[in-house]
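Notes follow once the structure below has been shown.
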Amino acid sequence: MPLAFWRSPCFAISAALAASIAFCPAAGAQPGSSQAAGAAASYPALTSDVLFELIASEVAAQRNLPGSAYATLMKTARDTGNAGIARRAVEIASASRAWREADEALKLWEELSSDPSDKKLAHALEDVRAGRYESAEPALAEALKASSSREQLLGQIVVFFSGADASRAFPVIERLADPSLNEDERPQLPLLLSQLAAQAGEPAKARKFAELAISRSGGNEEVIRQSLIPLAMTNSAEAIPALSAFLKAHPHAVWARLLYARALVLNKEEKEAGEQLQALSVEPLSPAQWFQLGTLSEALGKTDDAFDFYKRSLQTSGPGAGSHLDSARFRLGVVSEARKRPEEAIGWYYKVEKGPHYVPSRLRLAELLAAAGKTDRAAAVLAGTRSEKPGERAALVTAQAQLLDRAGQLQQAYELMKGSAGDLAGQPDFLYDTAMMAEKVNDLEGAEFYLRKVLALRPNSASAYNALGYMLADRGLRLREALGYIEKAARLKPRDPYILDSLGWVHFKLGDLELAERYLKQSIGLRYDPETAAHLAQAYAKAGDLDEARKIVSAGLKRHPDSAPLKKLQESLPPP
């Protein structure tokens, strides 16, 4: 939120300030009142040196140097003992979301203030920061009622709710704003409430406040735009009628038609969405708008249109477009893959040079090169790609290991992942993949070690519990312990077909064929898998029902003729 929206007028740098004794009167105090006079008497006079520091802090704030402004204000507040200056430091810090500094300034403001209402407000804002919204509400309501500039104070309070649990915070803010909402005929407050309601997942209220803001906008298109955007971003069904009505009055409002098209796509009204995209395609659009047309066309499955729109986004971009160019190139690569043109996709991925799409482009590039039989080039691409982000480094090492695995160099793949596991010890997905690679090379000790590392990072990882239990059960090791791991996984994901398969398999190994059959049937009922079918057939065979076992194997091989578990089992079953 812009600082100017909620800056209290009593902090304006002016000749009046130079003549003031109090930096800011107590909340609700009128100049000349006994309350203001009492506040003035409690503060030292503003000397020329102090005034210079205050002016310097305001200039720093206006020049987007909040750190400098904050430091100056805090020093001045401590030197002068002026609570109003500490309060201004709170505003500067909170406006720039510097919460540690805001907390420090809040404590100083509360410490320096001799006004009980000031202390109460500072303490209430501390409660907001700690998530104690209901506890803070009465004091905030009292401060707003007493304030002579309610909307500015309300704006400051809203800033303190930033980063809060929106669903919990919004009802409190709505109640606090209600008196001002009824008294103030300007659009700013309902606009703010609409945006907050959208964040809180309250689309009906977002629409109500958006419509109120629009009704108070006097036809101001910027207010209307800011009212409709959050609504369209959170609930397409609620946004569609409002956007449709606006477009009837403003048919050439490109931003509104883009939002309308997006809302239609999200609401699966594909025919009308396609018509809106065609109408937009004849407008003179910006590179970013062409890019939006591309993403919407992709969502509709219109890959040829998406390709054309992304190219137009590139063609209309001028010098200094930077990351936008790489975003468009990356999407052109993705669309080219969807159009079954891998060579074209490779060309686009090669052109992505930096930014957030650089590593994903190199990963896709390596995958396409490997699929084309150009393994050496794929390996060179991966080896030459660097990233400071642990997640991207993990993805690059995993891709290199997969290339080695495909080339039959399984042990080398495992050694590569194991060698990187220390550096990537905070990446649970990478550690899980390393465990699976260890299991492939029959390093059970290593696999168990990495799976336990995963569980230390993700105590509720059903996949890790299941993998650990299945690995032991499949080898007939520590079966009761294996059952415990798999049961933990099942409690976390009771309808996961892979975990149900593991439950069936561990009970098969324990000799409980009735439970084995039950869980394996449940697994196949949720998702057919040839390995699960082989497990079920083995359960029937062990129970003596060889005919049923043969039927399962025969049906499975019709669906998956290359299934190694089913083929192996077919060879082992005695003929009828």
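Going through the structure tokens in order, the chains are called A, B, and so on, while each chain numbers its residues from 1 and the ligands are numbered from 1 in the order shown.
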Could you give me, as a PyMOL selection string, the residues within 12 Å of Arg362 (chain A), counting only C-alpha atoms and dropping anything in the same chain fewer than 5 positions from it?
chain A and resi 330+333+345-357+367-369+377-387+392-393+395-396+399-400
Take the residues just selected and output them with N, CA, C and O atoms as a CSV table (one decimal), in the first residue's frame.
chain,number,residue,atom,x,y,z
A,330,PHE,N,10.6,-19.5,-23.3
A,330,PHE,CA,10.4,-20.8,-22.6
A,330,PHE,C,9.0,-21.3,-23.0
A,330,PHE,O,8.8,-22.5,-23.3
A,333,GLY,N,8.9,-22.9,-26.3
A,333,GLY,CA,9.5,-24.2,-26.3
A,333,GLY,C,8.4,-25.2,-25.8
A,333,GLY,O,8.3,-26.3,-26.4
A,345,ALA,N,11.3,-27.0,-30.4
A,345,ALA,CA,11.3,-26.7,-29.0
A,345,ALA,C,12.8,-26.6,-28.5
A,345,ALA,O,13.1,-25.7,-27.7
A,346,ILE,N,13.7,-27.5,-29.1
A,346,ILE,CA,15.1,-27.4,-28.7
A,346,ILE,C,15.7,-26.0,-29.0
A,346,ILE,O,16.4,-25.4,-28.2
A,347,GLY,N,15.3,-25.5,-30.2
A,347,GLY,CA,15.8,-24.2,-30.6
A,347,GLY,C,15.4,-23.1,-29.7
A,347,GLY,O,16.2,-22.2,-29.3
A,348,TRP,N,14.1,-23.1,-29.2
A,348,TRP,CA,13.6,-22.1,-28.3
A,348,TRP,C,14.3,-22.2,-26.9
A,348,TRP,O,14.7,-21.2,-26.3
A,349,TYR,N,14.4,-23.5,-26.5
A,349,TYR,CA,15.1,-23.6,-25.1
A,349,TYR,C,16.5,-23.2,-25.1
A,349,TYR,O,17.0,-22.6,-24.1
A,350,TYR,N,17.2,-23.3,-26.2
A,350,TYR,CA,18.6,-22.9,-26.3
A,350,TYR,C,18.7,-21.4,-26.2
A,350,TYR,O,19.7,-20.8,-25.7
A,351,LYS,N,17.6,-20.6,-26.6
A,351,LYS,CA,17.6,-19.2,-26.6
A,351,LYS,C,17.3,-18.6,-25.2
A,351,LYS,O,17.5,-17.4,-25.0
A,352,VAL,N,16.9,-19.4,-24.2
A,352,VAL,CA,16.6,-18.9,-22.9
A,352,VAL,C,18.0,-18.7,-22.2
A,352,VAL,O,18.7,-19.7,-22.0
A,353,GLU,N,18.3,-17.5,-21.8
A,353,GLU,CA,19.7,-17.2,-21.4
A,353,GLU,C,19.8,-17.0,-19.9
A,353,GLU,O,20.9,-17.2,-19.3
A,354,LYS,N,18.7,-16.6,-19.2
A,354,LYS,CA,18.8,-16.3,-17.8
A,354,LYS,C,17.4,-16.2,-17.2
A,354,LYS,O,16.4,-16.5,-17.9
A,355,GLY,N,17.4,-15.9,-15.9
A,355,GLY,CA,16.1,-15.7,-15.2
A,355,GLY,C,15.5,-17.0,-14.7
A,355,GLY,O,16.1,-18.0,-14.8
A,356,PRO,N,14.3,-16.9,-14.2
A,356,PRO,CA,13.7,-18.0,-13.5
A,356,PRO,C,13.4,-19.2,-14.5
A,356,PRO,O,13.2,-20.3,-14.0
A,357,HIS,N,13.4,-19.0,-15.8
A,357,HIS,CA,13.1,-20.1,-16.7
A,357,HIS,C,14.4,-20.7,-17.3
A,357,HIS,O,14.3,-21.7,-18.1
A,367,GLU,N,16.3,-33.2,-21.7
A,367,GLU,CA,15.4,-34.3,-21.9
A,367,GLU,C,15.1,-34.6,-23.4
A,367,GLU,O,15.1,-35.7,-23.8
A,368,LEU,N,14.9,-33.5,-24.1
A,368,LEU,CA,14.6,-33.7,-25.6
A,368,LEU,C,15.8,-34.2,-26.3
A,368,LEU,O,15.7,-35.0,-27.2
A,369,LEU,N,17.0,-33.7,-26.0
A,369,LEU,CA,18.2,-34.2,-26.6
A,369,LEU,C,18.4,-35.7,-26.4
A,369,LEU,O,18.8,-36.5,-27.2
A,377,ARG,N,25.3,-34.7,-26.0
A,377,ARG,CA,24.9,-33.3,-25.9
A,377,ARG,C,24.0,-33.0,-24.7
A,377,ARG,O,24.2,-31.9,-24.1
A,378,ALA,N,23.1,-33.9,-24.4
A,378,ALA,CA,22.3,-33.7,-23.2
A,378,ALA,C,23.1,-33.6,-21.9
A,378,ALA,O,22.9,-32.7,-21.1
A,379,ALA,N,24.1,-34.5,-21.8
A,379,ALA,CA,25.0,-34.5,-20.7
A,379,ALA,C,25.8,-33.2,-20.6
A,379,ALA,O,26.0,-32.6,-19.5
A,380,ALA,N,26.2,-32.7,-21.8
A,380,ALA,CA,27.0,-31.4,-21.8
A,380,ALA,C,26.2,-30.3,-21.4
A,380,ALA,O,26.6,-29.3,-20.7
A,381,VAL,N,24.9,-30.2,-21.8
A,381,VAL,CA,24.0,-29.1,-21.4
A,381,VAL,C,23.8,-29.1,-19.9
A,381,VAL,O,23.9,-28.1,-19.2
A,382,LEU,N,23.6,-30.3,-19.3
A,382,LEU,CA,23.4,-30.4,-17.8
A,382,LEU,C,24.7,-30.0,-17.1
A,382,LEU,O,24.7,-29.3,-16.1
A,383,ALA,N,25.8,-30.5,-17.6
A,383,ALA,CA,27.1,-30.2,-16.9
A,383,ALA,C,27.5,-28.8,-16.9
A,383,ALA,O,28.1,-28.2,-16.1
A,384,GLY,N,27.0,-28.1,-18.0
A,384,GLY,CA,27.4,-26.7,-18.2
A,384,GLY,C,26.4,-25.7,-17.5
A,384,GLY,O,26.5,-24.5,-17.7
A,385,THR,N,25.3,-26.2,-16.9
A,385,THR,CA,24.3,-25.4,-16.2
A,385,THR,C,24.6,-25.2,-14.8
A,385,THR,O,24.8,-26.2,-14.1
A,386,ARG,N,24.6,-24.0,-14.3
A,386,ARG,CA,24.9,-23.7,-12.9
A,386,ARG,C,23.7,-23.0,-12.3
A,386,ARG,O,23.0,-22.2,-12.9
A,387,SER,N,23.5,-23.2,-11.0
A,387,SER,CA,22.5,-22.5,-10.2
A,387,SER,C,22.9,-22.3,-8.8
A,387,SER,O,23.5,-23.2,-8.2
A,392,GLU,N,17.1,-26.1,-7.7
A,392,GLU,CA,17.5,-26.2,-9.1
A,392,GLU,C,18.7,-27.1,-9.2
A,392,GLU,O,18.8,-27.9,-10.1
A,393,ARG,N,19.6,-27.0,-8.2
A,393,ARG,CA,20.8,-27.9,-8.3
A,393,ARG,C,20.4,-29.3,-8.1
A,393,ARG,O,21.0,-30.2,-8.8
A,395,ALA,N,17.6,-30.7,-9.0
A,395,ALA,CA,17.0,-31.1,-10.3
A,395,ALA,C,18.0,-31.4,-11.3
A,395,ALA,O,17.9,-32.4,-12.1
A,396,LEU,N,19.1,-30.6,-11.4
A,396,LEU,CA,20.2,-30.8,-12.4
A,396,LEU,C,20.9,-32.1,-12.1
A,396,LEU,O,21.2,-32.9,-13.0
A,399,ALA,N,18.7,-35.1,-13.0
A,399,ALA,CA,18.6,-35.3,-14.4
A,399,ALA,C,19.9,-35.9,-14.9
A,399,ALA,O,19.9,-36.8,-15.8
A,400,GLN,N,21.1,-35.5,-14.4
A,400,GLN,CA,22.3,-36.2,-14.8
A,400,GLN,C,22.3,-37.7,-14.4
A,400,GLN,O,22.8,-38.5,-15.2
Just the residues within 10 Å of Lys542 (chain A), please, counting only C-alpha atoms, with nothing from its chain fewer than 6 positions along; format it as a list of chain:residue names.
A:Phe508, A:Gly511, A:Leu513, A:Leu536, A:Ala549
When you look at Leu468 (chain A) with a cut-off of 12 Å (counting only C-alpha atoms), what residues show up, excluding the ones that are within fewer than 4 positions of it in the same chain? I need them as a PyMOL selection string.
chain A and resi 432+435-436+438-439+444-455+461-464+472-475+477-479+481-489+499+502+506
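Neighbouring residues of Lys208 (chain A) at 9 Å or closer, counting only C-alpha atoms and skipping chain neighbours under 5 positions away, are Pro190, Ser194, Pro203 and Ala213 of chain A.
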Just to be explicit: take each residue in the selection above, keep N, CA and C atoms, and write the result as a PDB file, in the first residue's frame.
ATOM      1  N   PRO A 190     -13.891   0.842   0.451  1.00  0.00           N
ATOM      2  CA  PRO A 190     -14.480  -0.397  -0.087  1.00  0.00           C
ATOM      3  C   PRO A 190     -13.554  -1.107  -1.069  1.00  0.00           C
ATOM      4  N   SER A 194     -12.475  -4.891  -0.590  1.00  0.00           N
ATOM      5  CA  SER A 194     -12.670  -5.859  -1.664  1.00  0.00           C
ATOM      6  C   SER A 194     -11.401  -6.680  -1.891  1.00  0.00           C
ATOM      7  N   PRO A 203     -15.322 -14.476  -1.891  1.00  0.00           N
ATOM      8  CA  PRO A 203     -15.667 -13.859  -3.184  1.00  0.00           C
ATOM      9  C   PRO A 203     -16.950 -13.050  -3.157  1.00  0.00           C
ATOM     10  N   ALA A 213     -17.298   0.175  -4.328  1.00  0.00           N
ATOM     11  CA  ALA A 213     -16.211   1.051  -4.771  1.00  0.00           C
ATOM     12  C   ALA A 213     -16.513   1.620  -6.154  1.00  0.00           C
TER      13      ALA A 213
END
Just want the 12 Å neighbourhood of Asp547 (chain A), counted on only C-alpha atoms, with same-chain residues fewer than 5 positions away dropped. Output as a PDB file with C-alpha atoms, in the first residue's frame.
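Dumped everything to out-v4.pdb:
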ATOM      1  CA  ALA A 537      -2.045 -63.477  -8.410  1.00  0.00           C
ATOM      2  CA  GLN A 538       0.713 -64.696  -6.071  1.00  0.00           C
ATOM      3  CA  TYR A 540      -4.237 -66.569  -4.923  1.00  0.00           C
ATOM      4  CA  ALA A 541      -1.559 -69.057  -5.975  1.00  0.00           C
ATOM      5  CA  LYS A 542      -0.239 -69.357  -2.405  1.00  0.00           C
ATOM      6  CA  ILE A 552      -5.267 -62.495 -13.308  1.00  0.00           C
ATOM      7  CA  VAL A 553      -1.932 -63.014 -15.050  1.00  0.00           C
ATOM      8  CA  SER A 554      -3.541 -63.608 -18.453  1.00  0.00           C
ATOM      9  CA  GLN A 570       3.363 -66.736 -15.778  1.00  0.00           C
ATOM     10  CA  LEU A 573       2.917 -71.023 -12.459  1.00  0.00           C
ATOM     11  CA  PRO A 574       2.286 -74.698 -13.245  1.00  0.00           C
ATOM     12  CA  PRO A 575       0.232 -75.339 -16.410  1.00  0.00           C
ATOM     13  CA  PRO A 576      -3.503 -76.060 -15.991  1.00  0.00           C
TER      14      PRO A 576
END
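If you measure from each of A:Ser167, A:Ser48, A:Asn267, A:Thr532 to Ser563 (chain A) using only C-alpha atoms, the closest one turns out to be A:Thr532.
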How far is it from CA of Asp443 (chain A) to CA of Leu500 (chain A), in Å with one decimal?
25.0 Å
